[in-house]
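Okay, my_file.cif is below, mmCIF, C-alpha atoms and all ligand atoms:
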data_model
#
loop_
_atom_site.label_atom_id
_atom_site.label_comp_id
_atom_site.auth_asym_id
_atom_site.auth_seq_id
_atom_site.Cartn_x
_atom_site.Cartn_y
_atom_site.Cartn_z
CA MET H 1 -7.46 -129.21 -30.83
CA ARG H 2 -8.44 -129.32 -34.52
CA ALA H 3 -8.50 -126.03 -36.43
CA ALA H 4 -8.87 -124.85 -40.03
CA ARG H 5 -5.85 -122.85 -41.21
CA PHE H 6 -3.83 -121.87 -44.26
CA HIS H 7 -0.09 -121.28 -44.57
CA ARG H 8 -0.12 -119.41 -47.90
CA PHE H 9 -2.62 -117.35 -49.86
CA GLY H 10 -4.34 -119.11 -52.74
CA PRO H 11 -7.42 -121.10 -53.82
CA PRO H 12 -9.59 -123.05 -51.34
CA SER H 13 -7.22 -126.03 -51.68
CA VAL H 14 -4.68 -124.19 -49.45
CA LEU H 15 -7.04 -124.75 -46.51
CA ARG H 16 -6.05 -127.47 -44.03
CA VAL H 17 -7.47 -128.89 -40.81
CA GLU H 18 -4.56 -129.22 -38.39
CA GLU H 19 -3.95 -130.46 -34.86
CA LEU H 20 -2.80 -127.55 -32.67
CA PRO H 21 -2.12 -127.01 -28.97
CA PRO H 22 -5.15 -125.55 -27.16
CA PRO H 23 -5.13 -121.74 -27.03
CA ARG H 24 -4.54 -120.06 -23.65
CA PRO H 25 -6.94 -117.21 -22.83
CA ARG H 26 -5.30 -113.92 -21.85
CA ARG H 27 -6.64 -111.62 -19.14
CA GLY H 28 -10.15 -110.52 -20.10
CA GLU H 29 -10.64 -113.42 -22.52
CA LEU H 30 -12.95 -116.43 -22.27
CA LEU H 31 -12.17 -119.87 -23.65
CA VAL H 32 -15.03 -121.31 -25.70
CA ARG H 33 -15.52 -124.86 -26.96
CA VAL H 34 -16.86 -124.18 -30.44
CA HIS H 35 -19.78 -126.19 -31.78
CA ALA H 36 -20.32 -124.22 -34.97
CA ALA H 37 -18.66 -121.40 -36.89
CA ALA H 38 -19.78 -119.37 -39.90
CA LEU H 39 -17.97 -118.04 -42.95
CA ASN H 40 -18.09 -114.53 -44.41
CA PRO H 41 -16.77 -113.12 -47.71
CA LYS H 42 -13.86 -111.63 -45.76
CA ASP H 43 -12.60 -115.20 -45.13
CA VAL H 44 -12.47 -115.76 -48.87
CA LEU H 45 -10.78 -112.40 -49.57
CA VAL H 46 -8.09 -112.94 -46.95
CA ARG H 47 -7.39 -116.56 -47.92
CA ALA H 48 -7.22 -115.65 -51.63
CA GLY H 49 -4.75 -112.88 -50.81
CA SER H 50 -6.78 -110.44 -52.88
CA ARG H 51 -7.42 -107.90 -50.11
CA PHE H 52 -5.91 -107.34 -46.71
CA ALA H 53 -3.03 -109.57 -47.90
CA ALA H 54 -0.34 -107.05 -47.06
CA ALA H 55 -1.80 -106.62 -43.58
CA SER H 56 -2.26 -110.33 -42.95
CA ARG H 57 0.94 -111.79 -44.49
CA PRO H 58 3.01 -111.36 -41.30
CA LEU H 59 0.27 -113.25 -39.45
CA LEU H 60 0.49 -116.44 -41.58
CA PRO H 61 -0.47 -119.18 -40.90
CA LEU H 62 -3.95 -117.77 -40.40
CA GLY H 63 -7.08 -119.31 -38.95
CA VAL H 64 -10.50 -119.22 -40.61
CA ALA H 65 -13.81 -117.60 -39.57
CA GLU H 66 -14.85 -114.94 -37.09
CA ASP H 67 -18.34 -116.18 -36.12
CA PHE H 68 -18.78 -118.90 -33.51
CA ALA H 69 -21.27 -120.49 -31.13
CA GLY H 70 -20.33 -122.88 -28.34
CA VAL H 71 -19.95 -123.43 -24.60
CA VAL H 72 -17.74 -121.47 -22.17
CA GLU H 73 -14.89 -123.65 -20.93
CA ARG H 74 -12.90 -121.07 -18.94
CA SER H 75 -14.10 -117.68 -17.73
CA ASP H 76 -13.36 -114.85 -15.32
CA ASP H 77 -16.60 -113.10 -16.31
CA PRO H 78 -19.36 -113.84 -13.77
CA SER H 79 -22.05 -112.94 -16.32
CA LEU H 80 -20.84 -115.73 -18.68
CA PRO H 81 -19.74 -118.60 -16.39
CA VAL H 82 -18.30 -121.98 -17.40
CA GLY H 83 -21.01 -124.05 -19.10
CA GLU H 84 -22.87 -121.03 -20.55
CA ARG H 85 -23.94 -121.32 -24.19
CA VAL H 86 -22.51 -118.31 -26.02
CA TYR H 87 -22.22 -116.83 -29.49
CA GLY H 88 -20.12 -114.05 -30.93
CA MET H 89 -17.59 -112.79 -33.43
CA LEU H 90 -13.85 -112.30 -33.19
CA GLY H 91 -12.89 -108.72 -33.96
CA TYR H 92 -9.83 -106.66 -34.82
CA PHE H 93 -8.71 -108.83 -37.71
CA ARG H 94 -8.55 -112.06 -35.71
CA PHE H 95 -9.61 -115.26 -37.43
CA GLY H 96 -9.78 -118.79 -36.07
CA ALA H 97 -13.36 -119.52 -35.02
CA ALA H 98 -13.39 -122.64 -37.23
CA ALA H 99 -11.56 -124.55 -34.49
CA GLU H 100 -12.52 -126.70 -31.53
CA LEU H 101 -11.45 -124.00 -29.06
CA VAL H 102 -11.33 -120.23 -29.40
CA CYS H 103 -10.37 -117.35 -27.08
CA ALA H 104 -12.73 -114.38 -27.24
CA LYS H 105 -12.69 -111.01 -25.52
CA ARG H 106 -15.64 -110.11 -23.30
CA GLU H 107 -17.11 -107.65 -25.80
CA GLU H 108 -17.00 -110.27 -28.55
CA LEU H 109 -19.55 -112.68 -27.12
CA ALA H 110 -22.86 -112.90 -25.32
CA ALA H 111 -25.27 -115.51 -24.01
CA MET H 112 -26.82 -117.40 -26.91
CA PRO H 113 -30.52 -116.94 -27.66
CA ALA H 114 -32.23 -119.84 -25.88
CA SER H 115 -34.35 -120.85 -28.86
CA LEU H 116 -31.44 -121.36 -31.27
CA ASP H 117 -29.28 -124.37 -32.09
CA PHE H 118 -25.51 -123.83 -32.20
CA HIS H 119 -25.43 -123.80 -35.98
CA GLU H 120 -28.17 -121.15 -36.13
CA ALA H 121 -26.49 -119.02 -33.45
CA ALA H 122 -23.14 -119.16 -35.28
CA ALA H 123 -24.80 -117.75 -38.39
CA LEU H 124 -25.92 -114.55 -36.71
CA PRO H 125 -23.17 -112.45 -35.08
CA LEU H 126 -21.20 -110.78 -37.89
CA VAL H 127 -24.10 -110.29 -40.31
CA GLY H 128 -26.54 -109.34 -37.54
CA LEU H 129 -24.11 -106.81 -36.04
CA THR H 130 -23.31 -105.41 -39.51
CA SER H 131 -26.99 -104.95 -40.31
CA LEU H 132 -27.87 -103.45 -36.93
CA GLN H 133 -24.91 -101.07 -36.89
CA ALA H 134 -25.41 -100.05 -40.55
CA LEU H 135 -29.16 -99.44 -40.29
CA ARG H 136 -29.51 -98.10 -36.74
CA ASP H 137 -26.19 -96.24 -36.32
CA ASP H 138 -24.84 -95.30 -39.76
CA ALA H 139 -28.19 -94.73 -41.45
CA GLY H 140 -30.19 -93.65 -38.38
CA LEU H 141 -33.13 -95.70 -39.71
CA ARG H 142 -36.37 -94.86 -37.92
CA ALA H 143 -39.82 -96.45 -37.80
CA GLY H 144 -41.93 -95.53 -40.82
CA GLN H 145 -38.95 -94.79 -43.11
CA ARG H 146 -38.37 -96.55 -46.41
CA VAL H 147 -35.20 -98.61 -46.89
CA LEU H 148 -33.82 -100.32 -49.97
CA ILE H 149 -31.59 -103.33 -49.28
CA HIS H 150 -29.53 -104.33 -52.30
CA GLY H 151 -28.07 -107.84 -51.96
CA ALA H 152 -31.01 -108.86 -49.79
CA SER H 153 -30.73 -112.63 -50.24
CA GLY H 154 -27.12 -113.14 -49.02
CA GLY H 155 -25.63 -113.45 -45.56
CA VAL H 156 -25.95 -109.79 -44.57
CA GLY H 157 -29.07 -109.09 -46.64
CA THR H 158 -31.32 -111.83 -45.21
CA HIS H 159 -30.65 -110.50 -41.72
CA ALA H 160 -30.77 -106.82 -42.73
CA VAL H 161 -34.30 -107.31 -44.12
CA GLN H 162 -35.50 -108.70 -40.78
CA ILE H 163 -33.67 -106.10 -38.67
CA ALA H 164 -35.01 -103.23 -40.80
CA LYS H 165 -38.53 -104.62 -40.27
CA ALA H 166 -37.85 -104.93 -36.53
CA LEU H 167 -36.82 -101.23 -36.54
CA GLY H 168 -40.22 -100.46 -38.08
CA ALA H 169 -39.16 -99.61 -41.64
CA HIS H 170 -40.84 -100.28 -44.98
CA VAL H 171 -38.40 -102.64 -46.76
CA THR H 172 -37.72 -103.01 -50.46
CA ALA H 173 -35.45 -106.01 -51.12
CA SER H 174 -33.27 -106.08 -54.23
CA CYS H 175 -32.10 -109.54 -55.32
CA SER H 176 -32.51 -112.12 -58.10
CA ARG H 177 -36.09 -113.05 -58.93
CA ALA H 178 -35.44 -116.63 -57.77
CA ASN H 179 -34.96 -115.28 -54.23
CA HIS H 180 -38.00 -113.00 -54.08
CA ALA H 181 -40.09 -115.59 -52.22
CA LEU H 182 -37.33 -115.98 -49.61
CA VAL H 183 -37.01 -112.25 -48.88
CA ARG H 184 -40.80 -111.79 -48.80
CA GLU H 185 -40.97 -114.60 -46.25
CA LEU H 186 -38.36 -112.70 -44.19
CA GLY H 187 -40.63 -109.66 -44.17
CA ALA H 188 -39.81 -107.56 -47.26
CA ASP H 189 -42.75 -105.34 -48.23
CA ALA H 190 -41.61 -104.95 -51.84
CA VAL H 191 -39.12 -106.78 -54.04
CA HIS H 192 -36.94 -105.71 -56.95
CA ASP H 193 -34.94 -107.74 -59.47
CA TYR H 194 -31.66 -105.88 -60.06
CA ARG H 195 -31.08 -107.89 -63.25
CA GLU H 196 -34.03 -106.12 -64.88
CA ARG H 197 -33.07 -102.61 -63.80
CA PRO H 198 -30.40 -101.27 -61.43
CA PRO H 199 -31.98 -100.25 -58.12
CA SER H 200 -30.43 -96.79 -58.47
CA GLU H 201 -32.77 -96.26 -61.47
CA LEU H 202 -36.00 -97.00 -59.61
CA ASP H 203 -38.76 -94.39 -59.57
CA ALA H 204 -39.33 -94.79 -55.81
CA ARG H 205 -37.46 -92.71 -53.20
CA PHE H 206 -35.76 -94.14 -50.13
CA ASP H 207 -34.66 -92.69 -46.80
CA VAL H 208 -31.93 -95.33 -46.63
CA PHE H 209 -30.11 -97.18 -49.40
CA PHE H 210 -28.14 -100.09 -47.92
CA ASP H 211 -25.80 -101.31 -50.66
CA VAL H 212 -24.95 -104.68 -49.18
CA TYR H 213 -23.58 -106.20 -52.38
CA GLY H 214 -21.40 -103.21 -53.15
CA ASN H 215 -22.06 -102.27 -56.77
CA GLN H 216 -24.46 -99.32 -56.32
CA PRO H 217 -22.11 -96.40 -55.63
CA PHE H 218 -23.34 -93.26 -53.90
CA PRO H 219 -23.06 -91.00 -57.01
CA LYS H 220 -25.64 -93.21 -58.76
CA ALA H 221 -27.72 -94.20 -55.74
CA ARG H 222 -28.22 -90.59 -54.57
CA ARG H 223 -30.91 -90.03 -57.21
CA VAL H 224 -33.24 -92.48 -55.43
CA LEU H 225 -32.54 -90.98 -51.99
CA THR H 226 -34.95 -88.61 -50.27
CA PRO H 227 -33.48 -85.11 -49.65
CA ARG H 228 -32.04 -86.22 -46.28
CA GLY H 229 -31.44 -89.81 -47.33
CA ARG H 230 -28.46 -91.95 -46.27
CA HIS H 231 -26.46 -94.39 -48.40
CA VAL H 232 -24.54 -97.07 -46.50
CA ALA H 233 -21.82 -99.11 -48.25
CA THR H 234 -20.32 -102.35 -46.93
CA VAL H 235 -17.10 -102.35 -48.93
CA PRO H 236 -14.44 -100.14 -47.39
CA GLY H 237 -12.13 -98.45 -49.90
CA PRO H 238 -10.91 -95.11 -51.21
CA SER H 239 -14.14 -94.34 -53.10
CA THR H 240 -16.61 -95.27 -50.35
CA PHE H 241 -14.56 -93.46 -47.69
CA GLY H 242 -14.18 -90.54 -50.12
CA TRP H 243 -17.97 -90.20 -50.56
CA ALA H 244 -18.47 -90.43 -46.81
CA PHE H 245 -15.94 -87.65 -46.24
CA ALA H 246 -17.25 -85.51 -49.08
CA THR H 247 -20.87 -85.66 -47.84
CA THR H 248 -20.18 -85.02 -44.14
CA LEU H 249 -22.00 -81.68 -44.31
CA SER H 250 -24.44 -82.57 -47.11
CA ARG H 251 -28.13 -83.27 -46.75
CA ARG H 252 -27.81 -86.60 -48.56
CA ARG H 253 -24.97 -88.48 -46.90
CA ALA H 254 -22.83 -91.53 -47.64
CA ARG H 255 -21.54 -93.83 -44.92
CA VAL H 256 -19.42 -96.99 -44.75
CA VAL H 257 -20.31 -99.59 -42.15
CA LEU H 258 -17.37 -101.18 -40.32
CA VAL H 259 -18.74 -103.94 -38.13
CA ARG H 260 -17.42 -104.13 -34.60
CA PRO H 261 -18.07 -106.74 -31.90
CA ARG H 262 -20.23 -105.33 -29.11
CA ARG H 263 -21.97 -107.36 -26.41
CA ALA H 264 -24.82 -104.89 -26.04
CA ASP H 265 -25.58 -105.26 -29.76
CA LEU H 266 -25.43 -109.08 -29.55
CA ASP H 267 -27.93 -108.80 -26.70
CA ALA H 268 -30.11 -106.56 -28.90
CA LEU H 269 -30.03 -109.25 -31.62
CA SER H 270 -30.90 -111.91 -29.02
CA ALA H 271 -33.89 -109.81 -27.92
CA MET H 272 -35.10 -109.63 -31.54
CA VAL H 273 -34.77 -113.42 -31.79
CA ALA H 274 -36.74 -113.82 -28.53
CA ARG H 275 -39.50 -111.53 -29.85
CA GLY H 276 -39.75 -113.60 -33.05
CA GLN H 277 -38.50 -110.69 -35.21
CA LEU H 278 -35.22 -112.31 -36.28
CA ARG H 279 -34.24 -115.82 -37.21
CA PRO H 280 -30.86 -116.84 -38.62
CA VAL H 281 -30.99 -117.91 -42.27
CA VAL H 282 -28.68 -120.86 -42.89
CA ASP H 283 -28.16 -121.90 -46.48
CA ARG H 284 -25.71 -124.82 -46.12
CA ARG H 285 -23.78 -126.61 -43.40
CA PHE H 286 -20.40 -128.27 -43.92
CA PRO H 287 -18.28 -130.36 -41.51
CA LEU H 288 -14.94 -128.82 -40.47
CA ASP H 289 -13.08 -131.26 -42.73
CA ALA H 290 -14.98 -129.84 -45.74
CA ILE H 291 -13.78 -126.26 -45.09
CA ALA H 292 -12.43 -125.96 -48.65
CA GLU H 293 -15.79 -127.01 -50.12
CA ALA H 294 -17.54 -124.51 -47.88
CA GLU H 295 -15.36 -121.64 -49.07
CA THR H 296 -15.73 -122.79 -52.69
CA TYR H 297 -19.50 -122.51 -52.26
CA LEU H 298 -19.30 -119.07 -50.62
CA GLU H 299 -17.07 -117.88 -53.47
CA THR H 300 -19.92 -118.43 -55.94
CA LYS H 301 -21.65 -115.37 -54.36
CA ARG H 302 -24.92 -117.23 -54.64
CA ALA H 303 -25.41 -118.19 -50.99
CA ARG H 304 -28.97 -117.69 -49.74
CA GLY H 305 -28.17 -116.75 -46.17
CA LYS H 306 -25.19 -118.16 -44.31
CA VAL H 307 -22.62 -120.91 -44.81
CA VAL H 308 -22.05 -122.66 -41.48
CA ILE H 309 -19.27 -125.01 -40.35
CA ASP H 310 -20.18 -127.79 -37.91
CA VAL H 311 -17.09 -127.98 -35.70
CA ALA H 312 -18.19 -130.38 -32.97
CA THR H 313 -18.10 -133.96 -34.25
CA SER H 314 -21.49 -134.74 -32.76
CA PRO H 315 -23.43 -131.47 -32.99
CA GLU H 316 -25.91 -131.12 -30.18
CA ARG H 317 -28.54 -128.50 -29.55
N1 LIG A 1 -17.94 -103.47 -43.85
C1 LIG A 1 -18.36 -104.44 -43.05
O1 LIG A 1 -18.31 -104.32 -41.82
C2 LIG A 1 -18.92 -105.69 -43.67
C3 LIG A 1 -19.53 -106.65 -42.86
C4 LIG A 1 -20.09 -107.77 -43.45
C5 LIG A 1 -20.02 -107.94 -44.84
N2 LIG A 1 -19.38 -107.00 -45.58
C6 LIG A 1 -19.33 -107.13 -47.05
O2 LIG A 1 -20.66 -107.14 -47.52
C7 LIG A 1 -20.72 -107.85 -48.74
C8 LIG A 1 -21.89 -108.83 -48.70
O3 LIG A 1 -21.64 -109.80 -47.69
P1 LIG A 1 -22.59 -111.09 -47.59
O4 LIG A 1 -22.14 -111.88 -46.41
O5 LIG A 1 -24.00 -110.69 -47.68
O6 LIG A 1 -22.17 -111.85 -48.94
P2 LIG A 1 -22.82 -113.15 -49.61
O7 LIG A 1 -23.63 -113.89 -48.62
O8 LIG A 1 -21.72 -113.88 -50.29
O9 LIG A 1 -23.80 -112.54 -50.71
C9 LIG A 1 -24.41 -113.42 -51.58
C10 LIG A 1 -25.49 -112.69 -52.34
O10 LIG A 1 -24.90 -111.81 -53.30
C11 LIG A 1 -25.89 -111.57 -54.28
N3 LIG A 1 -25.30 -111.17 -55.55
C12 LIG A 1 -24.47 -111.91 -56.34
N4 LIG A 1 -24.14 -111.20 -57.45
C13 LIG A 1 -24.80 -109.99 -57.36
C14 LIG A 1 -24.85 -108.83 -58.18
N5 LIG A 1 -24.17 -108.74 -59.33
N6 LIG A 1 -25.63 -107.79 -57.78
C15 LIG A 1 -26.33 -107.86 -56.62
N7 LIG A 1 -26.31 -108.93 -55.78
C16 LIG A 1 -25.55 -109.99 -56.15
C17 LIG A 1 -26.62 -112.88 -54.43
O11 LIG A 1 -27.99 -112.54 -54.58
P3 LIG A 1 -28.90 -113.18 -55.76
O12 LIG A 1 -28.44 -114.62 -55.91
O13 LIG A 1 -30.28 -113.02 -55.26
O14 LIG A 1 -28.61 -112.38 -56.99
C18 LIG A 1 -26.36 -113.64 -53.11
O15 LIG A 1 -27.54 -113.88 -52.38
C19 LIG A 1 -19.35 -108.50 -48.92
O16 LIG A 1 -18.58 -107.70 -49.79
C20 LIG A 1 -18.76 -108.45 -47.53
O17 LIG A 1 -17.35 -108.46 -47.53
C21 LIG A 1 -18.83 -105.89 -45.03
#
If you convert what's in this file into C-alpha cells, what do you get?
Amino acid sequence: MRAARFHRFGPPSVLRVEELPPPRPRRGELLVRVHAAALNPKDVLVRAGSRFAAASRPLLPLGVAEDFAGVVERSDDPSLPVGERVYGMLGYFRFGAAAELVCAKREELAAMPASLDFHEAAALPLVGLTSLQALRDDAGLRAGQRVLIHGASGGVGTHAVQIAKALGAHVTASCSRANHALVRELGADAVHDYRERPPSELDARFDVFFDVYGNQPFPKARRVLTPRGRHVATVPGPSTFGWAFATTLSRRRARVVLVRPRRADLDALSAMVARGQLRPVVDRRFPLDAIAEAETYLETKRARGKVVIDVATSPER
C-alpha cells in the first residue's frame, strides 16, 4: 500500500510517499481502505520536530495524519461490517491516516454521515471532536449562553462556530475581516477582527472564551468572562495547564481541551450533520503525492477550514 511518511524531522520536503506492506489489524481493530485523510497543525509540529519530537523520535519513521474516511475492509465489529463507509481519527499519538490502508480501534471510528462525500467526512473527526469536547465538556456550554471563538475561520474554528450554534449559544467569531462573511455563513451572530483590537479587550462579556488559535491567555481573557465564565485553551503546555490547575476552585475557570477519539461523539457529530446543523468546511484538497505541498499550505496558518488529502486514486462518493 502507498503511505505518506517521513524518516527525519525537518521541512515539508522530508515527506515521502512510500510503498509499504499492508498493516495487519490487531484484536479490536478494524482495517479501513482510506479514500481521504485530513491534516491538522499537529502533523506540521511533529514533522518539523518542534514539539513532541522527543516523544516521537523513537517512533521514526512516522506516518502522517490522524483523520480518515473510507470503507471497512476487515472487521470483527458487527456494528461496522465489511463494506461500511466509516470516518474517524487515530488517537494516542498514532499517525498514518494518509495511507491506502489504516488500522483503527473501535472507539476511533463510526459510520459516516450518509450525506457526505469521503473528502468531507475526512475533514470532520478531529476538529469536530475537539470543538464538541471543548464546548460541551470543558466549557459546559449551555443554550442561551454567549461564546467567543477566537480563530474562528480555521480548521477547528469553522466547526466550533457551527457546533456552538447547534448547542444553542450566541456566537461571536474572532478572525480576520476577510473571513467574516465565511463565519457569518456558518452561523456566527457577531464577528470581531482581532487585528483591530484583541478579543480580550472587548467590552462584551462571555460565558465561554474558546481560544482556538492560542494567543489569548487566561490572565488576559478573564476580564471579558462573566463571573462564572470558562476559558478553554487548545495548546497544551505548562502555562495553560498551570491556569487550569490554579483555577480549579475559582468561579472563573481555565481549561485545556485534549481531544480524544470517541464513537459516541462521532455519532453526535453525524446527528448534527443529519439535522443540517453541521457541514464540514474544506478549504483545499491535495492528492497524496502532493503531501508536502499540502503541509506547506497548512503551515501558512491561513487555511479557511480544512486541508484534505485525496488518498484513493479515483475518489468516489
Ligand atoms: N488540544 C487539542 O486537543 C487540539 C485539537 C485540535 C487543534 N488543536 C490546536 O488548535 C490550534 C488551531 O488548530 P486549527 O486546526 O484550527 O488550525 P488552522 O486551521 O491552521 O488555523 C488557521 C487559522 O488561524 C488563524 N490565525 C492565523 N494567525 C492568527 C493570529 N495571529 N491570531 C488569531 N488567529 C490567527 C487564521 O485566521 P484568519 O486568517 O481569519 O486570521 C486561520 O483561519 C492549533 O494550535 C492546534 O494544534 C489542539
Between atom CA of H:Ala221 and atom C15 of ligand LIG 1 (chain A) - distance in Å to one decimal: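 Atom CA of H:Ala221 lies at a distance of 13.8 Å from atom C15 of ligand LIG 1 (chain A).
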Using all atoms listed in the file: which of H:Ala69, H:Ala111, H:Leu62, H:Ala104 has the shortest distance to H:Ser270: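 Result for the nearest residue to H:Ser270: H:Ala111.
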Computed interatomic separation between atom CA of H:Arg74 and atom CA of H:Glu29 (Å):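 Going from atom CA of H:Arg74 over to atom CA of H:Glu29 covers 8.7 Å.
You can rank H:His150, H:Lys220, H:Ala268, H:Glu295 by their closest distance to H:Val64 using only C-alpha atoms, and at the top of that list sits H:Glu295.
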Env. residues ligand LIG 1 (chain A) / 8 Å / all atoms listed in the file / as a PDB file with C-alpha atoms, in the coordinates of the input:
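Printed below is part-v2.pdb as written:
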ATOM      1  CA  ASN H  40     -18.090-114.530 -44.410  1.00  0.00           C
ATOM      2  CA  PRO H  41     -16.770-113.120 -47.710  1.00  0.00           C
ATOM      3  CA  LYS H  42     -13.860-111.630 -45.760  1.00  0.00           C
ATOM      4  CA  LEU H  45     -10.780-112.400 -49.570  1.00  0.00           C
ATOM      5  CA  LEU H 126     -21.200-110.780 -37.890  1.00  0.00           C
ATOM      6  CA  VAL H 127     -24.100-110.290 -40.310  1.00  0.00           C
ATOM      7  CA  THR H 130     -23.310-105.410 -39.510  1.00  0.00           C
ATOM      8  CA  HIS H 150     -29.530-104.330 -52.300  1.00  0.00           C
ATOM      9  CA  GLY H 151     -28.070-107.840 -51.960  1.00  0.00           C
ATOM     10  CA  ALA H 152     -31.010-108.860 -49.790  1.00  0.00           C
ATOM     11  CA  SER H 153     -30.730-112.630 -50.240  1.00  0.00           C
ATOM     12  CA  GLY H 154     -27.120-113.140 -49.020  1.00  0.00           C
ATOM     13  CA  GLY H 155     -25.630-113.450 -45.560  1.00  0.00           C
ATOM     14  CA  VAL H 156     -25.950-109.790 -44.570  1.00  0.00           C
ATOM     15  CA  GLY H 157     -29.070-109.090 -46.640  1.00  0.00           C
ATOM     16  CA  THR H 158     -31.320-111.830 -45.210  1.00  0.00           C
ATOM     17  CA  SER H 174     -33.270-106.080 -54.230  1.00  0.00           C
ATOM     18  CA  CYS H 175     -32.100-109.540 -55.320  1.00  0.00           C
ATOM     19  CA  SER H 176     -32.510-112.120 -58.100  1.00  0.00           C
ATOM     20  CA  ARG H 177     -36.090-113.050 -58.930  1.00  0.00           C
ATOM     21  CA  ALA H 178     -35.440-116.630 -57.770  1.00  0.00           C
ATOM     22  CA  ASN H 179     -34.960-115.280 -54.230  1.00  0.00           C
ATOM     23  CA  HIS H 180     -38.000-113.000 -54.080  1.00  0.00           C
ATOM     24  CA  TYR H 194     -31.660-105.880 -60.060  1.00  0.00           C
ATOM     25  CA  ARG H 195     -31.080-107.890 -63.250  1.00  0.00           C
ATOM     26  CA  VAL H 212     -24.950-104.680 -49.180  1.00  0.00           C
ATOM     27  CA  TYR H 213     -23.580-106.200 -52.380  1.00  0.00           C
ATOM     28  CA  GLY H 214     -21.400-103.210 -53.150  1.00  0.00           C
ATOM     29  CA  ASN H 215     -22.060-102.270 -56.770  1.00  0.00           C
ATOM     30  CA  ALA H 233     -21.820 -99.110 -48.250  1.00  0.00           C
ATOM     31  CA  THR H 234     -20.320-102.350 -46.930  1.00  0.00           C
ATOM     32  CA  VAL H 235     -17.100-102.350 -48.930  1.00  0.00           C
ATOM     33  CA  PRO H 236     -14.440-100.140 -47.390  1.00  0.00           C
ATOM     34  CA  VAL H 256     -19.420 -96.990 -44.750  1.00  0.00           C
ATOM     35  CA  VAL H 257     -20.310 -99.590 -42.150  1.00  0.00           C
ATOM     36  CA  LEU H 258     -17.370-101.180 -40.320  1.00  0.00           C
ATOM     37  CA  VAL H 259     -18.740-103.940 -38.130  1.00  0.00           C
ATOM     38  CA  ARG H 260     -17.420-104.130 -34.600  1.00  0.00           C
ATOM     39  CA  LEU H 298     -19.300-119.070 -50.620  1.00  0.00           C
ATOM     40  CA  GLU H 299     -17.070-117.880 -53.470  1.00  0.00           C
ATOM     41  CA  THR H 300     -19.920-118.430 -55.940  1.00  0.00           C
ATOM     42  CA  LYS H 301     -21.650-115.370 -54.360  1.00  0.00           C
ATOM     43  CA  ARG H 302     -24.920-117.230 -54.640  1.00  0.00           C
ATOM     44  CA  ALA H 303     -25.410-118.190 -50.990  1.00  0.00           C
ATOM     45  CA  ARG H 304     -28.970-117.690 -49.740  1.00  0.00           C
ATOM     46  CA  GLY H 305     -28.170-116.750 -46.170  1.00  0.00           C
ATOM     47  CA  LYS H 306     -25.190-118.160 -44.310  1.00  0.00           C
TER      48      LYS H 306
END
Closest of H:Pro219, H:Arg205, H:Arg85, H:Gln133 to H:Ser115 - atom-to-atom distances counting all atoms listed in the file: H:Arg85
Mind running stretch 96-209 of chain H against stretch 17-20 of chain H at 10 Å and telling me each contacting residue's nearest atom pair with the distance in Å (one decimal), counting all atoms listed in the file, chain and number ascending, as JSON lines?
{"residue": "H:Ala98", "atom": "CA", "partner": "H:Val17", "partner_atom": "CA", "distance": 9.3}
{"residue": "H:Ala99", "atom": "CA", "partner": "H:Val17", "partner_atom": "CA", "distance": 8.7}
{"residue": "H:Glu100", "atom": "CA", "partner": "H:Leu20", "partner_atom": "CA", "distance": 9.8}
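Compared by their closest atoms to H:Ala274, and using only C-alpha atoms, the residues H:Gly91, H:Pro25, H:Gly70, H:Pro113 rank with H:Pro113 nearest.
Shown here are all protein and nucleic acid residues lying within 9 Å of (-15.4, -119.1, -25.5), with all atoms listed in the file considered: Glu29, Leu30, Leu31, Val32, Arg33, Val34, Phe68, Ala69, Gly70, Val71, Val72, Glu73, Arg74, Ser75, Arg85, Val86, Tyr87, Gly88, Leu101, Val102, Cys103, Ala104, Lys105 and Leu109 of chain H.
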Nearby residues (all atoms listed in the file) at most 12 Å from H:Ala55, same-chain spacing under 4 positions excluded, as a list in words: Val46, Gly49, Ser50, Arg51, Leu59, Leu60, Leu62, Tyr92, Phe93 and Arg94 of chain H
One-decimal distance in Å that lies between atom CA of H:Thr240 and atom CA of H:Ala188: 26.4 Å
From H:Leu129, H:Ala121, H:Val307, H:Ala48, residue lying nearest H:Arg263 [only C-alpha atoms]: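 Looking only at the distances to H:Arg263, the closest residue turns out to be H:Leu129.
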